[in-house]
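In what follows, a single structure is set out as structure tokens and then discussed.
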Amino acid sequence: MLKVAGLTAAQGQRTHGTVILTVSGVEVQLPVFLINGTKPGPTLVVTAGIHGAEYASIEAALRLGQTLAPDTLQGQVIVVPIANPLAFSARSIYVSPVDGKNLNRQFPGVANGTYSQALAYWLFHEVIQQGDAYIDLHGGDLIEALQPFVIHFPTGDPAGDQAAGAMARHFGITHVIEGHTPGSTYAAASEAGIPAILAEAGGQGIWTEKNIALLHQGVHRVMAHLGMTKQVFAPDRSVIMLEHWAWLCAENNGVFYPRIAVGEQVTVGQDLGRVADVFGNTLQSLKAPTSGVILFLVTSLAMNSGDPLLAIAG
Ligand SMILES: [Zn+2]
């Protein structure tokens with residue numbers, strides 16, 4: 001029996017429902033899909049909406065939950081497509097509206113913590129830990145343009161690292177990179193021995209069929225790789241394993257004038273743009289600290305001290 005809170009699916013069944021949680025005193029209505037295959041196999045957990053305005057990833061997870069059929073499945077799939085419903089309804093950028101914290105820095109969570117810490121705790125212990133494998137879907141936020149990429153977190157455990165690396169390479173997104181973000185979904189799961197990846201596509205509040213399909217099909221590709229379906233996919237496109245990345249962050253409040261576009265290749269020392277005050281005085285000149293591809297670029301004119309500006313990976 002596949003089970004999340006009061007929701008269940010017996011072998012061969014698909015079900016969905018809204019799980020009502022009280023998180024740090026706040027009611028959360030969490031949509032959940034359970035797909036229990038007709039044959040036994042591994043359990044895959046898929047989440048989206050950890051960041052509430054990354055719409056291509058949320059729509060990809062909704063479609064997965066609505067369409068995945070038990071009779072095509074060996075194993076079980078839990079889909080939580082809008083993992084932070086209050087951030088979704090508030091169209092909130094980066095953070096939860098209740099406590100101002102980034103949910104993807106709180107895992108594995110704190111049971112009696114603030115809203116985001118307690119929500120992370122529930123998601124990790126009630127959902128993610130049920131998985132033999134875990135995929136977290138993301139994209140650029142409302143103010144970010146983004147080149148699709150997949151991240152995994154090496155823990156030093158050879159079998160786990162091999163499994164997560166293989167999931168990343170089979171997802172069907174060209175750029176793959178190792179990430180080490182503390183408190184993130186995929187890092188916490190990996191440290192708990194669950195092979196995990198985080199896949200990103202889309203951004204700026206736009207949800208195109210191309211990016212939805214990239215993420216939706218990516219989950220299907222991983223399911224086929226894990227032996228959960230008999231789907232056959234064309235051999236992987238040539239994956240580019242990026243070896244390092246650098247994030248540039250704003251040092252001041254001001255206005256941001258980038259000189260490059262997302263997906264563009266840049267070389268070390270290249271002028272990437274500037275942060276200025278509203279009178280036109282440059283506060284921060286941006287030079288590329290490394291050569292590589294622009295993986296994401298913040299596209300809002302408004303810039304706040306400490307916020308990310310862009311990332312370069314090579
Ligand atoms: Zn995100």
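Labeling convention for the structure tokens: chains A, B, ... as they appear, residues from 1 per chain, ligands from 1 in order of appearance.
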
**OP:** Go through the chains and note each residue within 7 Å of ligand 1, using only C-alpha atoms and all ligand atoms, then give the set as number ranges by chain.
**Re:** A: 50-51, 54, 138-141

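Neighbours of His16 in chain A closer than or equal to 9 Å, with only C-alpha atoms counted and sequence neighbours fewer than 3 positions away skipped, come out as Leu7, Thr8, Ala9, Pro31, Val32, Phe33, Leu34, Ile35, Gly65 and Gln66 of chain A.
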
**OP:** Between A:Arg274, A:His152, A:His170, A:Lys230, single out the one closest to Gln217 in chain A, counting only C-alpha atoms.
**Re:** A:His170

Please list as a CSV table (one decimal) with N, CA and C atoms, in the first residue's frame every residue within 10 Å of Gln106 in chain A, counting only C-alpha atoms and excluding residues in the same chain fewer than 5 positions away.
chain,number,residue,atom,x,y,z
A,101,LYS,N,11.8,32.6,4.5
A,101,LYS,CA,12.9,31.7,4.3
A,101,LYS,C,12.8,30.9,3.0
A,113,GLY,N,10.2,23.9,14.1
A,113,GLY,CA,10.8,25.2,13.6
A,113,GLY,C,9.8,26.1,13.1
A,114,THR,N,10.3,27.1,12.3
A,114,THR,CA,9.4,28.1,11.6
A,114,THR,C,8.7,27.3,10.5
A,116,SER,N,8.8,27.3,7.2
A,116,SER,CA,9.6,26.6,6.2
A,116,SER,C,10.4,25.5,6.7
A,117,GLN,N,11.0,25.6,7.9
A,117,GLN,CA,11.7,24.5,8.6
A,117,GLN,C,10.8,23.4,8.8
A,118,ALA,N,9.6,23.6,9.3
A,118,ALA,CA,8.7,22.6,9.7
A,118,ALA,C,8.1,21.9,8.4
A,119,LEU,N,7.8,22.7,7.4
A,119,LEU,CA,7.3,22.1,6.1
A,119,LEU,C,8.4,21.2,5.5
A,120,ALA,N,9.6,21.7,5.5
A,120,ALA,CA,10.7,20.8,5.0
A,120,ALA,C,10.8,19.5,5.8
A,121,TYR,N,10.6,19.6,7.1
A,121,TYR,CA,10.7,18.4,8.0
A,121,TYR,C,9.6,17.4,7.5
A,182,PRO,N,23.9,23.6,0.8
A,182,PRO,CA,23.4,23.0,2.1
A,182,PRO,C,21.9,23.3,2.3
A,183,GLY,N,21.2,22.3,2.8
A,183,GLY,CA,19.8,22.4,3.1
A,183,GLY,C,18.9,22.2,1.9
A,184,SER,N,19.5,21.9,0.7
A,184,SER,CA,18.6,21.7,-0.5
A,184,SER,C,18.0,20.3,-0.4
A,185,THR,N,16.9,20.2,-1.1
A,185,THR,CA,16.2,18.9,-1.2
A,185,THR,C,17.2,17.7,-1.6
A,188,ALA,N,20.0,16.9,0.9
A,188,ALA,CA,19.6,16.2,2.1
A,188,ALA,C,19.2,14.8,1.8

Compile a residue-level contact table for range 66-168 of chain A against range 252-262 of chain A at a cut-off of 7 Å, reporting for every qualifying residue the shortest atom pair and its distance in Å to one decimal, with only C-alpha atoms counted, rows ordered by chain and ascending number, as JSON lines.
{"residue": "A:Ala145", "atom": "CA", "partner": "A:Val262", "partner_atom": "CA", "distance": 6.3}
{"residue": "A:Leu146", "atom": "CA", "partner": "A:Val262", "partner_atom": "CA", "distance": 6.1}
{"residue": "A:Gln147", "atom": "CA", "partner": "A:Val262", "partner_atom": "CA", "distance": 6.3}

Could you write out that same residue set with N, CA and C atoms as a tab-separated table (two decimals), in the first residue's frame?
chain	number	residue	atom	x	y	z
A	145	ALA	N	16.08	34.22	-15.91
A	145	ALA	CA	16.17	33.45	-17.15
A	145	ALA	C	17.16	32.33	-16.91
A	146	LEU	N	16.95	31.18	-17.56
A	146	LEU	CA	17.72	30.00	-17.16
A	146	LEU	C	17.97	29.07	-18.34
A	147	GLN	N	19.17	28.56	-18.41
A	147	GLN	CA	19.54	27.50	-19.34
A	147	GLN	C	19.27	26.18	-18.61

With 12 Å as the cut-off and only C-alpha atoms counted, what is the closest atom pair between each nearby residue of range 202-226 of chain A and range 288-303 of chain A? Distances in Å to one decimal, ordered by chain and number, as a Markdown table.
| residue | atom | partner | partner_atom | distance |
| --- | --- | --- | --- | --- |
| A:Gly202 | CA | A:Phe296 | CA | 10.3 |
| A:Gly203 | CA | A:Phe296 | CA | 9.2 |
| A:Gln204 | CA | A:Thr299 | CA | 7.9 |
| A:Gly205 | CA | A:Thr299 | CA | 11.4 |

**OP:** Would you kindly return, as a VMD selection string, each protein, DNA or RNA residue with an atom no farther than 8 Å from any atom of Ala53 in chain A, considering only C-alpha atoms and excluding same-chain residues fewer than 6 positions away?
**Re:** chain A and resid 87 to 88 91 to 93 141 to 142 205

Original post:
Can you list every residue in range 39-203 of chain A that DSSP puts in alpha helix (DSSP H), as a ChimeraX atom specification?
Top reply: /A:55-67,85-90,115-122,158-170,185-191

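Near Leu214 in chain A, within 8 Å and counting only C-alpha atoms, sit Gly172, Ile173 and Ala201 of chain A; same-chain residues fewer than 6 positions away were not included.
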
**OP:** Would you list the contacts of Ala69 in chain A as a ChimeraX atom specification, taking every protein, DNA or RNA residue within 8 Å and counting only C-alpha atoms, but skipping same-chain residues closer than 2 positions in sequence?
**Re:** /A:14,35,37,67,71-73

Original post:
Within 10 Å of Ile194 in chain A, counting only C-alpha atoms, which residues qualify if same-chain residues fewer than 3 places away don't, as an MDAnalysis selection string?
Top reply: chainID A and resid 44 128:134 160:161 163:164 186:191 197

Take the residues just selected and output them with N, CA and C atoms as a PDB file, in the first residue's frame.
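Output contents, as saved in part_5.pdb:
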ATOM      1  N   LEU A  44       9.688   6.004  -6.613  1.00  0.00           N
ATOM      2  CA  LEU A  44      10.251   7.287  -7.040  1.00  0.00           C
ATOM      3  C   LEU A  44       9.400   8.416  -6.461  1.00  0.00           C
ATOM      4  N   ILE A 128       9.758  12.312   1.030  1.00  0.00           N
ATOM      5  CA  ILE A 128      11.030  12.070   0.341  1.00  0.00           C
ATOM      6  C   ILE A 128      11.688  10.785   0.832  1.00  0.00           C
ATOM      7  N   GLN A 129      11.614  10.526   2.138  1.00  0.00           N
ATOM      8  CA  GLN A 129      12.265   9.320   2.678  1.00  0.00           C
ATOM      9  C   GLN A 129      11.580   8.021   2.256  1.00  0.00           C
ATOM     10  N   GLN A 130      10.404   8.106   1.665  1.00  0.00           N
ATOM     11  CA  GLN A 130       9.782   6.889   1.122  1.00  0.00           C
ATOM     12  C   GLN A 130      10.456   6.458  -0.182  1.00  0.00           C
ATOM     13  N   GLY A 131      11.254   7.343  -0.771  1.00  0.00           N
ATOM     14  CA  GLY A 131      11.784   7.084  -2.105  1.00  0.00           C
ATOM     15  C   GLY A 131      13.016   6.201  -2.109  1.00  0.00           C
ATOM     16  N   ASP A 132      13.105   5.369  -3.149  1.00  0.00           N
ATOM     17  CA  ASP A 132      14.376   4.728  -3.500  1.00  0.00           C
ATOM     18  C   ASP A 132      15.160   5.655  -4.414  1.00  0.00           C
ATOM     19  N   ALA A 133      14.464   6.623  -4.991  1.00  0.00           N
ATOM     20  CA  ALA A 133      15.084   7.649  -5.825  1.00  0.00           C
ATOM     21  C   ALA A 133      14.199   8.882  -5.748  1.00  0.00           C
ATOM     22  N   TYR A 134      14.814  10.042  -5.999  1.00  0.00           N
ATOM     23  CA  TYR A 134      14.092  11.310  -5.793  1.00  0.00           C
ATOM     24  C   TYR A 134      14.479  12.316  -6.871  1.00  0.00           C
ATOM     25  N   GLY A 160      25.869   5.328  -4.194  1.00  0.00           N
ATOM     26  CA  GLY A 160      24.878   6.411  -4.246  1.00  0.00           C
ATOM     27  C   GLY A 160      25.244   7.468  -5.272  1.00  0.00           C
ATOM     28  N   ASP A 161      26.529   7.829  -5.307  1.00  0.00           N
ATOM     29  CA  ASP A 161      26.972   8.852  -6.266  1.00  0.00           C
ATOM     30  C   ASP A 161      26.829   8.358  -7.698  1.00  0.00           C
ATOM     31  N   ALA A 163      24.626   6.155  -8.729  1.00  0.00           N
ATOM     32  CA  ALA A 163      23.196   6.099  -9.039  1.00  0.00           C
ATOM     33  C   ALA A 163      22.639   7.484  -9.360  1.00  0.00           C
ATOM     34  N   ALA A 164      23.003   8.486  -8.549  1.00  0.00           N
ATOM     35  CA  ALA A 164      22.503   9.842  -8.790  1.00  0.00           C
ATOM     36  C   ALA A 164      23.088  10.407 -10.085  1.00  0.00           C
ATOM     37  N   TYR A 186      17.853  17.948  -2.745  1.00  0.00           N
ATOM     38  CA  TYR A 186      18.635  16.851  -3.344  1.00  0.00           C
ATOM     39  C   TYR A 186      19.851  16.519  -2.485  1.00  0.00           C
ATOM     40  N   ALA A 187      20.425  17.532  -1.818  1.00  0.00           N
ATOM     41  CA  ALA A 187      21.581  17.268  -0.957  1.00  0.00           C
ATOM     42  C   ALA A 187      21.152  16.482   0.281  1.00  0.00           C
ATOM     43  N   ALA A 188      20.038  16.888   0.908  1.00  0.00           N
ATOM     44  CA  ALA A 188      19.561  16.189   2.111  1.00  0.00           C
ATOM     45  C   ALA A 188      19.182  14.750   1.785  1.00  0.00           C
ATOM     46  N   ALA A 189      18.513  14.558   0.649  1.00  0.00           N
ATOM     47  CA  ALA A 189      18.131  13.189   0.255  1.00  0.00           C
ATOM     48  C   ALA A 189      19.372  12.350  -0.008  1.00  0.00           C
ATOM     49  N   SER A 190      20.339  12.916  -0.728  1.00  0.00           N
ATOM     50  CA  SER A 190      21.566  12.173  -1.040  1.00  0.00           C
ATOM     51  C   SER A 190      22.289  11.777   0.238  1.00  0.00           C
ATOM     52  N   GLU A 191      22.353  12.702   1.206  1.00  0.00           N
ATOM     53  CA  GLU A 191      23.030  12.399   2.472  1.00  0.00           C
ATOM     54  C   GLU A 191      22.295  11.324   3.258  1.00  0.00           C
ATOM     55  N   ILE A 197      18.285  13.929  -7.741  1.00  0.00           N
ATOM     56  CA  ILE A 197      18.706  14.987  -8.660  1.00  0.00           C
ATOM     57  C   ILE A 197      17.720  16.146  -8.571  1.00  0.00           C
TER      58      ILE A 197
END

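Going from CA of Glu144 in chain A to CA of Ile206 in chain A covers 10.3 Å.
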
Subject >> Nearest-residue call for Ser305 in chain A, choices A:Leu215, A:Cys249, A:Val266, A:Met1, using only C-alpha atoms >> reply: A:Cys249

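Remark: for Gly263 in chain A, the closest of the candidate residues A:Thr174, A:Thr208, A:Gln13, A:Gln231 is A:Thr174 (distances computed over only C-alpha atoms).
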